[in-house]
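Participant: The following file, final26.txt, comprises compact mmCIF, C-alpha atoms:
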```txt
# COMPACT_ATOMS: atom_id res chain seq x y z
CA MET A 1 -24.41 -20.70 51.09
CA SER A 2 -26.57 -23.83 51.38
CA ASN A 3 -30.32 -23.65 51.87
CA GLN A 4 -30.00 -25.05 55.39
CA GLN A 5 -27.36 -22.51 56.36
CA THR A 6 -29.39 -19.69 54.77
CA ARG A 7 -32.43 -20.71 56.84
CA THR A 8 -30.33 -21.09 59.99
CA THR A 9 -28.74 -17.68 59.51
CA ALA A 10 -32.11 -16.04 58.91
CA ARG A 11 -33.63 -17.72 61.98
CA LEU A 12 -30.75 -16.76 64.28
CA ARG A 13 -30.79 -13.20 62.97
CA GLU A 14 -34.54 -12.96 63.57
CA MET A 15 -34.18 -14.34 67.10
CA ILE A 16 -31.50 -11.78 68.00
CA LEU A 17 -33.36 -8.83 66.49
CA ASN A 18 -36.65 -9.82 68.11
CA GLY A 19 -35.08 -9.97 71.57
CA ALA A 20 -34.87 -13.73 72.09
CA PHE A 21 -31.49 -13.06 73.71
CA ALA A 22 -30.62 -10.23 76.07
CA PRO A 23 -27.86 -7.80 75.04
CA GLY A 24 -24.59 -9.22 76.30
CA GLU A 25 -26.01 -12.75 76.68
CA ARG A 26 -23.62 -15.56 75.83
CA ILE A 27 -24.81 -18.07 73.24
CA THR A 28 -23.15 -21.34 72.23
CA GLU A 29 -23.19 -23.46 69.11
CA SER A 30 -24.42 -26.54 70.93
CA ALA A 31 -27.36 -24.81 72.60
CA LEU A 32 -28.43 -23.09 69.38
CA ALA A 33 -28.09 -26.29 67.35
CA SER A 34 -30.32 -28.10 69.83
CA ALA A 35 -32.90 -25.32 69.85
CA LEU A 36 -33.05 -25.12 66.06
CA GLY A 37 -32.85 -28.86 65.43
CA VAL A 38 -29.79 -28.64 63.20
CA SER A 39 -26.16 -29.73 63.44
CA ARG A 40 -23.48 -27.44 64.82
CA THR A 41 -21.89 -26.84 61.41
CA PRO A 42 -24.59 -24.53 59.93
CA VAL A 43 -24.87 -22.78 63.31
CA ARG A 44 -21.12 -22.17 63.39
CA LEU A 45 -21.13 -20.76 59.85
CA SER A 46 -24.22 -18.66 60.56
CA LEU A 47 -22.66 -17.14 63.68
CA SER A 48 -19.66 -16.13 61.57
CA VAL A 49 -22.02 -14.30 59.20
CA LEU A 50 -23.78 -12.55 62.10
CA GLU A 51 -20.43 -11.57 63.58
CA ARG A 52 -19.53 -9.80 60.33
CA GLU A 53 -22.88 -8.03 60.51
CA GLY A 54 -22.08 -6.84 64.03
CA LEU A 55 -24.91 -8.68 65.78
CA VAL A 56 -22.64 -10.99 67.82
CA SER A 57 -18.99 -11.07 68.84
CA SER A 58 -16.85 -14.13 69.49
CA GLU A 59 -15.26 -14.81 72.87
CA PRO A 60 -12.31 -17.25 73.02
CA ASN A 61 -13.43 -20.54 74.54
CA ARG A 62 -16.77 -18.99 75.55
CA GLY A 63 -18.83 -18.99 72.36
CA PHE A 64 -20.47 -15.77 71.21
CA ARG A 65 -21.95 -12.73 72.92
CA VAL A 66 -24.97 -10.81 71.66
CA GLU A 67 -24.03 -7.21 70.92
CA ALA A 68 -26.09 -4.22 72.00
CA TYR A 69 -26.42 -1.08 69.89
CA SER A 70 -28.83 1.81 70.19
CA ILE A 71 -30.65 3.35 67.25
CA GLY A 72 -28.48 6.44 67.79
CA ASP A 73 -25.27 4.42 67.59
CA ILE A 74 -26.29 2.91 64.28
CA SER A 75 -27.55 6.22 62.90
CA ASP A 76 -24.24 7.90 63.74
CA ALA A 77 -22.32 5.14 61.99
CA ILE A 78 -24.48 5.52 58.88
CA ASP A 79 -23.70 9.25 58.89
CA VAL A 80 -19.99 8.47 58.99
CA ARG A 81 -20.42 5.93 56.20
CA GLY A 82 -22.26 8.49 54.07
CA THR A 83 -19.51 11.08 54.59
CA LEU A 84 -16.74 8.66 53.60
CA GLU A 85 -18.67 7.29 50.63
CA GLY A 86 -19.41 10.84 49.51
CA MET A 87 -15.68 11.59 49.53
CA ALA A 88 -15.04 8.42 47.52
CA ALA A 89 -17.64 9.41 44.92
CA ARG A 90 -16.11 12.88 44.58
CA LEU A 91 -12.63 11.42 44.06
CA VAL A 92 -13.90 9.02 41.40
CA ALA A 93 -15.78 11.77 39.55
CA GLU A 94 -12.84 14.16 39.66
CA ASP A 95 -10.38 11.50 38.44
CA GLY A 96 -12.72 10.42 35.65
CA LEU A 97 -14.91 7.32 35.59
CA ALA A 98 -12.86 4.42 34.22
CA PRO A 99 -14.62 2.25 31.58
CA HIS A 100 -14.44 -0.93 33.71
CA THR A 101 -15.90 0.92 36.71
CA ALA A 102 -18.70 2.36 34.58
CA ALA A 103 -19.50 -1.12 33.21
CA ALA A 104 -19.66 -2.60 36.72
CA LEU A 105 -21.98 0.16 37.91
CA GLU A 106 -24.21 -0.16 34.85
CA ASP A 107 -24.54 -3.89 35.54
CA CYS A 108 -25.73 -3.05 39.06
CA LEU A 109 -28.26 -0.58 37.66
CA GLU A 110 -29.65 -3.18 35.28
CA ILE A 111 -30.13 -5.68 38.12
CA GLY A 112 -31.90 -3.05 40.21
CA GLU A 113 -34.21 -2.11 37.35
CA ARG A 114 -35.26 -5.73 36.83
CA ILE A 115 -36.06 -6.15 40.51
CA ILE A 116 -38.13 -3.00 41.04
CA ALA A 117 -40.01 -3.59 37.77
CA LYS A 118 -41.77 -6.55 39.40
CA ARG A 119 -45.25 -6.05 40.83
CA ALA A 120 -44.49 -8.08 43.95
CA ILE A 121 -41.13 -8.29 45.71
CA THR A 122 -40.14 -11.65 47.18
CA PRO A 123 -37.54 -12.23 49.95
CA GLY A 124 -35.21 -13.51 47.21
CA ASP A 125 -35.60 -10.26 45.26
CA ALA A 126 -34.83 -8.23 48.36
CA SER A 127 -31.72 -10.32 48.98
CA ASP A 128 -30.60 -9.81 45.38
CA PHE A 129 -31.15 -6.07 45.70
CA GLY A 130 -29.08 -6.01 48.87
CA GLU A 131 -26.25 -7.86 47.13
CA MET A 132 -26.43 -5.44 44.19
CA ASN A 133 -26.49 -2.43 46.51
CA GLY A 134 -23.38 -3.66 48.28
CA ARG A 135 -21.60 -4.21 44.96
CA PHE A 136 -22.59 -0.73 43.70
CA HIS A 137 -21.07 0.90 46.77
CA LYS A 138 -18.01 -1.35 46.81
CA THR A 139 -17.26 -0.56 43.16
CA ILE A 140 -17.13 3.16 43.92
CA ILE A 141 -15.03 2.67 47.05
CA GLU A 142 -12.47 0.51 45.27
CA ALA A 143 -12.32 2.93 42.33
CA CYS A 144 -11.28 5.86 44.55
CA ASN A 145 -7.99 4.11 45.44
CA ASN A 146 -7.85 5.48 48.98
CA LYS A 147 -6.81 2.83 51.50
CA ALA A 148 -7.39 5.05 54.55
CA LEU A 149 -10.96 5.68 53.40
CA GLU A 150 -11.55 1.95 52.85
CA ASN A 151 -10.22 1.15 56.33
CA GLY A 152 -12.53 3.74 57.87
CA LEU A 153 -15.54 2.22 56.13
CA ASP A 154 -14.56 -1.26 57.30
CA LEU A 155 -14.87 -0.02 60.89
CA THR A 156 -18.39 1.36 60.34
CA HIS A 157 -19.45 -1.90 58.70
CA LYS A 158 -18.88 -3.76 61.97
CA MET A 159 -22.14 -2.29 63.28
CA PRO A 160 -25.50 -3.85 62.29
CA PHE A 161 -27.43 -2.35 59.35
CA VAL A 162 -24.54 -0.09 58.30
CA GLU A 163 -22.96 -2.17 55.54
CA PRO A 164 -24.67 -1.35 52.19
CA ALA A 165 -25.27 -5.02 51.39
CA VAL A 166 -27.45 -5.24 54.50
CA ILE A 167 -30.85 -3.59 54.21
CA ALA A 168 -33.03 -3.07 57.29
CA ILE A 169 -36.75 -2.90 56.48
CA HIS A 170 -39.21 -2.05 59.23
CA ASP A 171 -42.65 -3.64 59.06
CA THR A 172 -44.35 -0.26 58.49
CA ILE A 173 -42.18 0.66 55.52
CA ASP A 174 -42.96 -0.42 51.97
CA GLY A 175 -39.88 -2.40 51.03
CA GLN A 176 -40.50 -2.02 47.32
CA GLN A 177 -40.80 1.76 47.66
CA GLN A 178 -37.59 1.85 49.69
CA MET A 179 -35.75 -0.02 46.93
CA MET A 180 -37.24 2.25 44.26
CA VAL A 181 -35.88 5.31 46.06
CA ALA A 182 -32.46 3.70 46.41
CA GLN A 183 -32.44 2.71 42.73
CA HIS A 184 -33.35 6.25 41.65
CA GLN A 185 -30.47 7.57 43.72
CA HIS A 186 -28.13 5.01 42.14
CA ARG A 187 -28.98 6.42 38.72
CA LEU A 188 -28.34 10.00 39.82
CA ILE A 189 -25.02 9.03 41.40
CA PHE A 190 -23.93 7.22 38.25
CA ASP A 191 -24.84 10.22 36.09
CA ALA A 192 -22.80 12.55 38.34
CA LEU A 193 -19.81 10.21 38.23
CA GLU A 194 -20.05 9.84 34.46
CA ASN A 195 -20.25 13.61 33.98
CA GLY A 196 -17.32 14.30 36.31
CA GLU A 197 -19.48 16.29 38.76
CA GLY A 198 -17.50 15.74 41.95
CA ALA A 199 -19.45 17.99 44.32
CA ARG A 200 -22.78 16.64 43.08
CA ALA A 201 -21.65 13.03 43.33
CA GLU A 202 -20.51 13.63 46.90
CA ALA A 203 -23.78 15.26 47.93
CA LEU A 204 -25.86 12.51 46.31
CA MET A 205 -23.85 9.74 47.96
CA ARG A 206 -24.27 11.33 51.39
CA GLU A 207 -28.01 11.74 50.80
CA HIS A 208 -28.17 8.11 49.69
CA ALA A 209 -27.19 7.00 53.20
CA ASN A 210 -30.46 8.48 54.46
CA VAL A 211 -32.37 5.56 52.89
CA SER A 212 -30.94 3.40 55.67
CA LYS A 213 -31.49 6.05 58.35
CA GLN A 214 -35.16 6.55 57.50
CA ALA A 215 -36.05 3.00 58.54
CA LEU A 216 -34.10 3.39 61.78
CA ASN A 217 -35.76 6.72 62.58
CA VAL A 218 -39.22 5.13 62.28
CA ILE A 219 -38.11 2.41 64.68
CA GLY A 220 -36.66 4.90 67.15
CA ALA A 221 -39.86 6.95 67.16
CA SER A 222 -41.97 3.86 67.82
CA ILE A 223 -39.76 2.92 70.77
CA GLU A 224 -39.94 6.41 72.29
CA SER A 225 -43.73 6.47 71.94
CA GLY A 226 -43.99 3.20 73.83
CA GLU A 227 -45.29 1.31 70.83
CA HIS A 228 -42.35 -1.10 71.21
CA SER A 229 -41.21 -2.11 74.68
CA ALA A 230 -39.04 -4.95 73.39
CA PRO A 231 -36.29 -4.77 70.74
CA PRO A 232 -37.95 -3.69 67.46
CA SER A 233 -38.87 -6.25 64.86
CA LEU A 234 -36.69 -5.86 61.79
CA ARG A 235 -36.21 -7.87 58.67
CA LEU A 236 -32.56 -7.98 57.67
CA VAL A 237 -31.77 -8.60 54.02
CA THR A 238 -28.22 -9.51 53.11
CA SER A 239 -26.35 -11.31 50.40
```
Could you render the structure from this file as structure tokens?

Facilitator:
Amino acid sequence: MSNQQTRTTARLREMILNGAFAPGERITESALASALGVSRTPVRLSLSVLEREGLVSSEPNRGFRVEAYSIGDISDAIDVRGTLEGMAARLVAEDGLAPHTAAALEDCLEIGERIIAKRAITPGDASDFGEMNGRFHKTIIEACNNKALENGLDLTHKMPFVEPAVIAIHDTIDGQQQMMVAQHQHRLIFDALENGEGARAEALMREHANVSKQALNVIGASIESGEHSAPPSLRLVTS
């Protein structure tokens, strides 16, 4: 992804999440390109990225429509994701962790350790952690060899903030601390898989999904208290 497209994607994502467009509003490439001062090509590619994230949906011959999801909708989808990923982890542990799967997971752990060891986390580090997190989860899912389970997860990933490679960080949450918790859980999950502890691996994977839910719960509470009257401000980190 080019620097211009990366910036365009980040700007469009920020605009949607900060309420620049009403839920259900139709947006077009030409209007967005004019507003952002870029050509239609990076806008078109960026909208494709945001469609995969579940923030917009395409309408034939009508451009794109901004999707609307409640905190509860997203939280429910994360619960489903955690249940399916827990099942995948149990299957992998019970079948025995294959050497190539273990090597891929260990590579993810090494990347995570290097990132959280830094004193200050940059947006680039957060993006790298998100990419690593997505790869860690994907490695386990692919290793379980269960197509029905993979298809079920693909459906949950169509909602924003549910896919593991996408990390939602609320302004009041310490992003570095959030990544440290996730990294610690990655280590525990790997140990359970390596030791063939199916029930433990399943429980840990389901608990791991709560890292995503915690940020959403803070947001939901702030909305209910009246602290936020507009769509909450989120920073979305994705590969």

Participant: Write out as number ranges by chain the residues lying within 9 Å of range 75-81 of chain A, counting all atoms listed in the file and excluding same-chain residues fewer than 4 positions away.

Facilitator: A: 70-71, 85-86, 152-153, 156-157, 159, 161-163, 206, 209-210, 212-213, 216-217

Participant: Go ahead and save the picked residues with C-alpha atoms, as a PDB file, in the coordinates of the input.

Facilitator:
```
ATOM      1  CA  SER A  70     -28.830   1.810  70.190  1.00  0.00           C
ATOM      2  CA  ILE A  71     -30.650   3.350  67.250  1.00  0.00           C
ATOM      3  CA  GLU A  85     -18.670   7.290  50.630  1.00  0.00           C
ATOM      4  CA  GLY A  86     -19.410  10.840  49.510  1.00  0.00           C
ATOM      5  CA  GLY A 152     -12.530   3.740  57.870  1.00  0.00           C
ATOM      6  CA  LEU A 153     -15.540   2.220  56.130  1.00  0.00           C
ATOM      7  CA  THR A 156     -18.390   1.360  60.340  1.00  0.00           C
ATOM      8  CA  HIS A 157     -19.450  -1.900  58.700  1.00  0.00           C
ATOM      9  CA  MET A 159     -22.140  -2.290  63.280  1.00  0.00           C
ATOM     10  CA  PHE A 161     -27.430  -2.350  59.350  1.00  0.00           C
ATOM     11  CA  VAL A 162     -24.540  -0.090  58.300  1.00  0.00           C
ATOM     12  CA  GLU A 163     -22.960  -2.170  55.540  1.00  0.00           C
ATOM     13  CA  ARG A 206     -24.270  11.330  51.390  1.00  0.00           C
ATOM     14  CA  ALA A 209     -27.190   7.000  53.200  1.00  0.00           C
ATOM     15  CA  ASN A 210     -30.460   8.480  54.460  1.00  0.00           C
ATOM     16  CA  SER A 212     -30.940   3.400  55.670  1.00  0.00           C
ATOM     17  CA  LYS A 213     -31.490   6.050  58.350  1.00  0.00           C
ATOM     18  CA  LEU A 216     -34.100   3.390  61.780  1.00  0.00           C
ATOM     19  CA  ASN A 217     -35.760   6.720  62.580  1.00  0.00           C
TER      20      ASN A 217
END
```

Participant: For the atom pair CA of Gly196 in chain A and CA of Thr83 in chain A, what is the interatomic distance in Å to one decimal place?

Facilitator: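 CA of Thr83 in chain A lies 18.7 Å from CA of Gly196 in chain A.
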
Participant: Kindly compute an axis-aligned box around the listed atoms of range 66-80 of chain A, allowing 4 Å on each side, and express its centre and edge lengths in Å to one decimal as JSON.

Facilitator:
```
{"center_x": -25.3, "center_y": -0.8, "center_z": 65.4, "size_x": 18.7, "size_y": 28.1, "size_z": 21.1}
```

Participant: Check the smallest atom-to-atom distance from each of A:Leu105, A:Ala88, A:Ala165, A:Ala126 to Gly198 in chain A using only C-alpha atoms, then report the winner.

Facilitator: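 Looking only at the distances to Gly198 in chain A, the closest residue turns out to be A:Ala88.
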
Participant: Calculate how many Å separate CA of Gly63 in chain A from CA of Glu131 in chain A, rounding to one decimal.

Facilitator: 28.6 Å

Participant: Residues near Glu110 in chain A, anyone? I mean within 12 Å using all atoms listed in the file, not counting same-chain ones fewer than 3 positions away, as a list in words.

Facilitator: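 The filter keeps Ala103, Ala104, Leu105, Glu106, Asp107, Glu113, Arg114, Ile115, Ile116, Ala117, Phe129, Met132, Asn133, Phe136, Gln183, His184, His186 and Arg187 of chain A.
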
Participant: Point out the residue among A:Leu155, A:Leu149, A:Val49, A:Leu109 with the least atom-to-atom distance to Gln185 in chain A, counting only C-alpha atoms.

Facilitator: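 Going through A:Leu155, A:Leu149, A:Val49, A:Leu109 one by one, the smallest distance to Gln185 in chain A is for A:Leu109.
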
Participant: Quick one: of A:Ala143, A:Gly112, A:Asp73, A:Glu150, who's nearest to Ala182 in chain A, counting all atoms listed in the file?

Facilitator: A:Gly112

Participant: Work out how far apart CA of Val43 in chain A and CA of Glu29 in chain A are and give it in Å to one decimal.

Facilitator: 6.1 Å

Participant: Which residues of range 50-150 of chain A have any atom within 10 Å of an atom in range 7-26 of chain A when counting all atoms listed in the file, and what is the closest pair of atoms for each, with the distance in Å to one decimal? Order the rows by chain and rising number and write it as JSON lines.

Facilitator:
```
{"residue": "A:Leu50", "atom": "CA", "partner": "A:Arg13", "partner_atom": "CA", "distance": 7.1}
{"residue": "A:Glu53", "atom": "CA", "partner": "A:Arg13", "partner_atom": "CA", "distance": 9.8}
{"residue": "A:Leu55", "atom": "CA", "partner": "A:Ile16", "partner_atom": "CA", "distance": 7.6}
{"residue": "A:Val56", "atom": "CA", "partner": "A:Gly24", "partner_atom": "CA", "distance": 8.9}
{"residue": "A:Ser57", "atom": "CA", "partner": "A:Gly24", "partner_atom": "CA", "distance": 9.5}
{"residue": "A:Ser58", "atom": "CA", "partner": "A:Arg26", "partner_atom": "CA", "distance": 9.4}
{"residue": "A:Glu59", "atom": "CA", "partner": "A:Arg26", "partner_atom": "CA", "distance": 8.9}
{"residue": "A:Arg62", "atom": "CA", "partner": "A:Arg26", "partner_atom": "CA", "distance": 7.7}
{"residue": "A:Gly63", "atom": "CA", "partner": "A:Arg26", "partner_atom": "CA", "distance": 6.8}
{"residue": "A:Phe64", "atom": "CA", "partner": "A:Arg26", "partner_atom": "CA", "distance": 5.6}
{"residue": "A:Arg65", "atom": "CA", "partner": "A:Arg26", "partner_atom": "CA", "distance": 4.4}
{"residue": "A:Val66", "atom": "CA", "partner": "A:Gly24", "partner_atom": "CA", "distance": 4.9}
{"residue": "A:Glu67", "atom": "CA", "partner": "A:Pro23", "partner_atom": "CA", "distance": 5.7}
{"residue": "A:Ala68", "atom": "CA", "partner": "A:Pro23", "partner_atom": "CA", "distance": 5.0}
{"residue": "A:Tyr69", "atom": "CA", "partner": "A:Pro23", "partner_atom": "CA", "distance": 8.6}
```

Participant: Considering all atoms listed in the file, can you say which of A:Thr101, A:Pro160, A:Thr122, A:Ser30 comes closest to Arg135 in chain A?

Facilitator: A:Thr101

Participant: Which residue out of A:Glu207, A:Glu142, A:Asp95, A:Asp125 has the minimum interatomic distance to Met179 in chain A when only C-alpha atoms are used?

Facilitator: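 Ranking A:Glu207, A:Glu142, A:Asp95, A:Asp125 by distance to Met179 in chain A, first place goes to A:Asp125.
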